[in-house]
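Asker: Pasting a structure below so you can have a look.
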Number of protein chains: 2
Amino acid sequence: MGLTGRKEKILQAVVDGYIENCQPVSSSEIKEKHLPALSSATIRNEMAALEEMGYLTQLHTSSGRVPTAEAYRLYVEKLMPRRKLTRSELKIVKRYFNKKITELDDVLKNTAKVISEITNLTSVAYVQSNDAATILNIRIVRITDSSALIIIVTNMGVLKDATVNIGSGVTDEYCDSVSHFVTSAFAGHTISEINRQPNKIVKQVKKEYERVFSTILRIFKSYSHDDMFSDIVLEGSAKILEQPEYANLKKAKAMLEFLDAKEELVPVLQNSDDVNITFQIGKDNEIREGMPECAIVTASYNIGGVTVGNAGVIGPIRMDYSKVVSVLDYLSKTVQMLPAGEGAHGDGTEEYSSSVTSDTDE
Amino acid sequence: MGLTGRKEKILQAVVDGYIENCQPVSSSEIKEKHLPALSSATIRNEMAALEEMGYLTQLHTSSGRVPTAEAYRLYVEKLMPRRKLTRSELKIVKRYFNKKITELDDVLKNTAKVISEITNLTSVAYVQSNDAATILNIRIVRITDSSALIIIVTNMGVLKDATVNIGSGVTDEYCDSVSHFVTSAFAGHTISEINRQPNKIVKQVKKEYERVFSTILRIFKSYSHDDMFSDIVLEGSAKILEQPEYANLKKAKAMLEFLDAKEELVPVLQNSDDVNITFQIGKDNEIREGMPECAIVTASYNIGGVTVGNAGVIGPIRMDYSKVVSVLDYLSKTVQMLPAGEGAHGDGTEEYSSSVTSDTDE
DNA sequence: ATTAGCAAACTACCGCATAGAGTGCTAAAA
DNA sequence: TTTTAGCACTCTATGCGGTAGTTTGCTAAT
């Protein structure tokens with residue numbers, strides 16, 4: 001059912017007002033700030049109707065109105081004003097991204113810091129493991145006489161290194177030849193290809209190389225979608241306590257415990273790839289039992305066309321969505337423009353070693 | 001000035017009692033639980049004396065006594081009962097250390113988890129960068145035609161990888177030969193040796209290898225003591241809120257903000273190497289302006305005779321020091337017995353290396 | 001040196017009254 | 001039919017006062 005223009009306006013006024021003050025919004029307040037032409041009684045009537053429709057509630061019979069989660073969902077979809085970043089906010093972004101960044105991890109970490117600083121909310125960023133990466137080079141590096149380290153270079157960076165036991169009395173030369181062999185076997189394939197049909201790609205393996213091969217295959221498997229390896233960063237967890245909805249110690253604790261278990265945050269943050277910004281407001285996101293009531297807004301970030309991770313904020317349902325969206329949006333563009341891995345290696349230029357190497361123009 | 005045996009006993013009773021309940025301890029409580037032979041009046045007199053000496057205070061004239069920071073310092077030094085871990089606590093340790101751990105980062109991370117779980121306090125662990133590591137092997141791994149990754153294997157693990165720009169049209173074979181060359185130049189030396197006298201160790205460098213050499217030297221330098229690289233992990237920040245001393249929102253926030261700024265924690269955690277366990281109780285540790293009142297207990301951890309990092313707890317001044325010490329002590333022994341970096345790598349065991357990439361050339 | 005007894009100090013809790021804010025409803029006005 | 005003024009009603013927040021309970025320090029007796 002559609003909302004009349006006036007209802008929309010009142011609802012927006014309530015949401016805006018409540019976001020700002022975290023106080024129930026009264027009819028007279030709306031009259032004064034937004035609709036001086038109407039009487040408070042009329043606004044009261046409209047508010048009663050909005051309550052009937054499920055967009056507003058009252059804490060008690062004689063309090064002003066508070067938006068429901070449903071109202072926020074409508075708000076972010078239709079009502080919310082779109083802003084640009086202010087000059088001082090841009091300054092903060094610059095402060096973090098002016099430094100030379102060479103590592104994907106750092107990109108995400110800085111993104112989290114900026115988000116938290118500008119929105120004044122707890123932010124979270126996470127680097128997605130991506131099995132779309134293409135193998136470029138594999139090197140076996142001797143550590144001791146009998147063990148070696150496996151380095152896998154992909155177009156998205158150095159993935160993971162595992163030690164492998166390769167018998168005793170191994171020389172560097174032997175490692176080099178193994179490296180050469182496994183590289184020629186896997187190079188050019190993506191991890192998911194290899195995981196799907198390992199036998200097709202690796203036709204025959206010399207007996208002596210078997211152990212190395214199986215270890216490498218195991219590494220690749222750990223990159224398959226189910227047991228995703230990922231790295232997650234939180235910034236500004238203390239900021240949760242600035243929000244009046246967590247002024248209650250019990251609620252604050254529930255929230256902080258939720259944040260403490262970083263690993264379990266991953267499924268919550270996962271957002272649909274095709275949408276740039278994902279909202280999870282209130283009951284939307286009851287993925288975990290006993291999860292505290294909150295809202296999560298995440299954006300997915302790309303470098304060179306590949307999604308490298310997500311970043312966003314976690315906070316009370318009443319948050320400044322408008323600001324959050326503008327920050328996430330702006331950063332998504334900023335990150336996108338970071339030089340991808342392989343390109344210009346100018347002398348003295350910083351490069352993104354462990355980041356993405358894309359074939360920009362083909 | 002020495003304390004009579006009775007004063008000691010009473011002081012210990014107050015500290016123990018206050019640690020347990022976080023309630024001012026009254027004379028009658030001590031009489032009942034610890035000294036039934038004496039009257040409460042006598043105990044009151046002794047308490048008044050202890051207050052005079054600076055070990056006890058009252059919140060108001062008609063409240064029981066509370067230990068001062070000074071009392072805690074005496075307590076950990078002399079009075080505190082020494083405990084062993086209980087069966088259930090040992091179980092927790094086993095749960096975390098039964099898995100095969102091959103990476104130093106994970107050792108410290110697990111240590112932090114165990115500490116937090118057993119003590120129910122916020123714990124912190126940090127990996128010390130150590131320039132005492134001996135170079136075992138250096139490998140240059142080609143990433144693109146013109147850039148490569150430097151892998152440095154030491155007896156303490158894989159240290160750091162940096163990309164280096166090595167001109168264009170480079171082949172794997174070329175990288176192998178560079179690897180060979182730099183390895184033979186540096187292998188067997190510790191990082192600090194190399195930092196002290198780079199010219200002595202590297203006598204002559206072929207022109208074409210110069211860039212690689214200078215990058216490697218820069219990496220080594222970043223391991224020197226002044227600009228220590230370190231990795232810091234927090235576990236259980238939410239547990240702070242379980243402590244009644246941070247029940248006040250303002251205090252809780254101050255504490256969490258303090259913890260949020262992980263990097264700034266490093267100097268606080270640094271403890272003297274020759275002492276196994278370091279206590280910083282109350283004003284002891286006012287390293288940072290506005291640092292919230294708290295106590296920090298840290299232990300340094302060794303593997304193979306080398307200090308690899310510190311781990312400990314941060315909490316209210318009133319904490320169960322006895323338990324904390326027993327946990328830190330036990331873990332220190334457990335960690336000590338872990339295979340050192342170079343030793344036995346289990347068959348096909350996965351190992352995670354933190355790949356830190358530093359910027360390349362000047 | 002120790003202890004019983006007692007007054008004094010202080011907190012914590014409960015109930016009560018009051019002021020203030022905001023609503024819903026009704027009846028009048030537009 | 002829509003809007004509005006007026007008013008009674010509801011509920012919160014705050015402050016006050018009184019009471020019960022705890023613990024101390026002091027004094028005098030043991």
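Chain identifiers are assigned as A, B, and so on, following the order in which chains appear in the structure tokens; residues are numbered from 1 within each chain, and ligands are numbered from 1 in order of appearance.
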What is the Cα root-mean-square deviation, to one decimal place in Å, for chain A superposed on chain B with all Cα atoms matched in order?
Answerer: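 Across all paired C-alpha atoms, the RMSD is 4.6 Å.
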Asker: Using only C-alpha atoms (C1' of nucleotides), which residues of chain C come within 10 Å of chain B, and what is the closest atom pair for each, with the distance in Å to one decimal? Give it as CSV, sorted by chain and residue number.
Answerer:
residue,atom,partner,partner_atom,distance
C:DA1,C1',B:Thr42,CA,9.3
C:DT2,C1',B:Thr42,CA,6.7
C:DT3,C1',B:Ser39,CA,6.6
C:DA4,C1',B:Ala41,CA,8.9
C:DA8,C1',B:Ser62,CA,9.3
C:DA9,C1',B:Ser62,CA,5.8
C:DC10,C1',B:Ser62,CA,5.7
C:DT11,C1',B:Ser62,CA,8.8
Asker: Would you mind exporting C-alpha atoms (C1' of nucleotides) of the selected residues as a PDB file, in the first residue's frame?
Answerer:
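Writing done, so here's selection-v6.pdb:
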ATOM      1  C1'  DA C   1      46.971  -6.032  74.579  1.00  0.00           C
ATOM      2  C1'  DT C   2      42.418  -7.215  73.767  1.00  0.00           C
ATOM      3  C1'  DT C   3      37.530  -6.747  73.731  1.00  0.00           C
ATOM      4  C1'  DA C   4      32.536  -5.511  74.549  1.00  0.00           C
ATOM      5  C1'  DA C   8      27.986   8.241  64.762  1.00  0.00           C
ATOM      6  C1'  DA C   9      28.386   8.097  59.732  1.00  0.00           C
ATOM      7  C1'  DC C  10      26.973   6.715  55.702  1.00  0.00           C
ATOM      8  C1'  DT C  11      24.619   3.989  51.974  1.00  0.00           C
TER       9       DT C  11
END
Asker: According to DSSP computed on the backbone, where in range 197-332 of chain B is there strand (DSSP E or B)? Give the residues as a ChimeraX atom specification.
Answerer: /B:230-235,277-281,295-303,306-315
Asker: Please identify all residues of chain D having at least one atom at most 12 Å from any atom of chain B, considering only C-alpha atoms (C1' of nucleotides), and return them as number ranges by chain.
Answerer: D: 21-26
Asker: Please save N, CA and C atoms (P, O5', C5', C4', C3', O3' and C1' of nucleotides) of the selected residues as a PDB file, in the first residue's frame.
Answerer:
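Resulting contents of selection-v1.pdb:
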ATOM      1  P    DG D  21      16.585  -4.021  58.901  1.00  0.00           P
ATOM      2  O5'  DG D  21      18.063  -3.814  58.373  1.00  0.00           O
ATOM      3  C5'  DG D  21      18.293  -3.644  56.970  1.00  0.00           C
ATOM      4  C4'  DG D  21      19.770  -3.386  56.743  1.00  0.00           C
ATOM      5  C3'  DG D  21      20.676  -4.149  57.727  1.00  0.00           C
ATOM      6  O3'  DG D  21      21.755  -4.694  57.000  1.00  0.00           O
ATOM      7  C1'  DG D  21      21.158  -1.838  57.801  1.00  0.00           C
ATOM      8  P    DT D  22      22.682  -5.768  57.710  1.00  0.00           P
ATOM      9  O5'  DT D  22      24.108  -5.153  57.419  1.00  0.00           O
ATOM     10  C5'  DT D  22      24.271  -4.326  56.260  1.00  0.00           C
ATOM     11  C4'  DT D  22      25.520  -3.503  56.380  1.00  0.00           C
ATOM     12  C3'  DT D  22      26.646  -4.115  57.208  1.00  0.00           C
ATOM     13  O3'  DT D  22      27.838  -3.996  56.463  1.00  0.00           O
ATOM     14  C1'  DT D  22      26.194  -1.925  57.948  1.00  0.00           C
ATOM     15  P    DT D  23      29.088  -4.919  56.801  1.00  0.00           P
ATOM     16  O5'  DT D  23      30.036  -3.868  57.509  1.00  0.00           O
ATOM     17  C5'  DT D  23      30.470  -2.742  56.767  1.00  0.00           C
ATOM     18  C4'  DT D  23      31.048  -1.730  57.711  1.00  0.00           C
ATOM     19  C3'  DT D  23      32.004  -2.315  58.756  1.00  0.00           C
ATOM     20  O3'  DT D  23      33.323  -1.831  58.518  1.00  0.00           O
ATOM     21  C1'  DT D  23      30.536  -0.707  59.693  1.00  0.00           C
ATOM     22  P    DT D  24      34.526  -2.271  59.426  1.00  0.00           P
ATOM     23  O5'  DT D  24      34.995  -0.848  59.959  1.00  0.00           O
ATOM     24  C5'  DT D  24      34.883   0.281  59.098  1.00  0.00           C
ATOM     25  C4'  DT D  24      34.681   1.530  59.936  1.00  0.00           C
ATOM     26  C3'  DT D  24      35.703   1.672  61.051  1.00  0.00           C
ATOM     27  O3'  DT D  24      36.580   2.755  60.790  1.00  0.00           O
ATOM     28  C1'  DT D  24      33.464   2.080  61.843  1.00  0.00           C
ATOM     29  P    DG D  25      37.925   2.844  61.577  1.00  0.00           P
ATOM     30  O5'  DG D  25      37.524   3.791  62.784  1.00  0.00           O
ATOM     31  C5'  DG D  25      37.036   5.102  62.526  1.00  0.00           C
ATOM     32  C4'  DG D  25      36.704   5.772  63.839  1.00  0.00           C
ATOM     33  C3'  DG D  25      37.852   5.745  64.869  1.00  0.00           C
ATOM     34  O3'  DG D  25      37.908   7.010  65.513  1.00  0.00           O
ATOM     35  C1'  DG D  25      35.935   4.618  65.752  1.00  0.00           C
ATOM     36  P    DC D  26      39.036   7.297  66.549  1.00  0.00           P
ATOM     37  O5'  DC D  26      38.261   7.279  67.938  1.00  0.00           O
ATOM     38  C5'  DC D  26      36.945   7.840  68.009  1.00  0.00           C
ATOM     39  C4'  DC D  26      36.309   7.479  69.339  1.00  0.00           C
ATOM     40  C3'  DC D  26      37.279   7.426  70.519  1.00  0.00           C
ATOM     41  O3'  DC D  26      36.768   8.213  71.570  1.00  0.00           O
ATOM     42  C1'  DC D  26      36.013   5.423  70.411  1.00  0.00           C
TER      43       DC D  26
END
Asker: Fewer than 4 positions away in the same chain doesn't count, so skip those; otherwise give me all residues within 10 Å of Ser168 in chain B, counting only C-alpha atoms (C1' of nucleotides), as a PyMOL selection string.
Answerer: (chain A and resi 345) or (chain B and resi 144-147)
Asker: Just to be explicit: take each residue in the selection above, keep C-alpha atoms, and write the result as an mmCIF file, in the first residue's frame.
Answerer:
data_model
loop_
_atom_site.group_PDB
_atom_site.id
_atom_site.type_symbol
_atom_site.label_atom_id
_atom_site.label_comp_id
_atom_site.auth_asym_id
_atom_site.auth_seq_id
_atom_site.Cartn_x
_atom_site.Cartn_y
_atom_site.Cartn_z
ATOM 1 C CA HIS A 345 56.060 -0.608 -12.188
ATOM 2 C CA THR B 144 55.310 -10.786 -13.298
ATOM 3 C CA ASP B 145 57.798 -10.159 -16.038
ATOM 4 C CA SER B 146 59.363 -7.369 -14.113
ATOM 5 C CA SER B 147 58.579 -7.870 -10.457
#
Asker: If you run DSSP on this backbone, which residues of range 175-221 of chain A come out as helix (DSSP H, G or I), and could you give them as a ChimeraX atom specification?
Answerer: /A:175-186,191-196,198-201,207-221
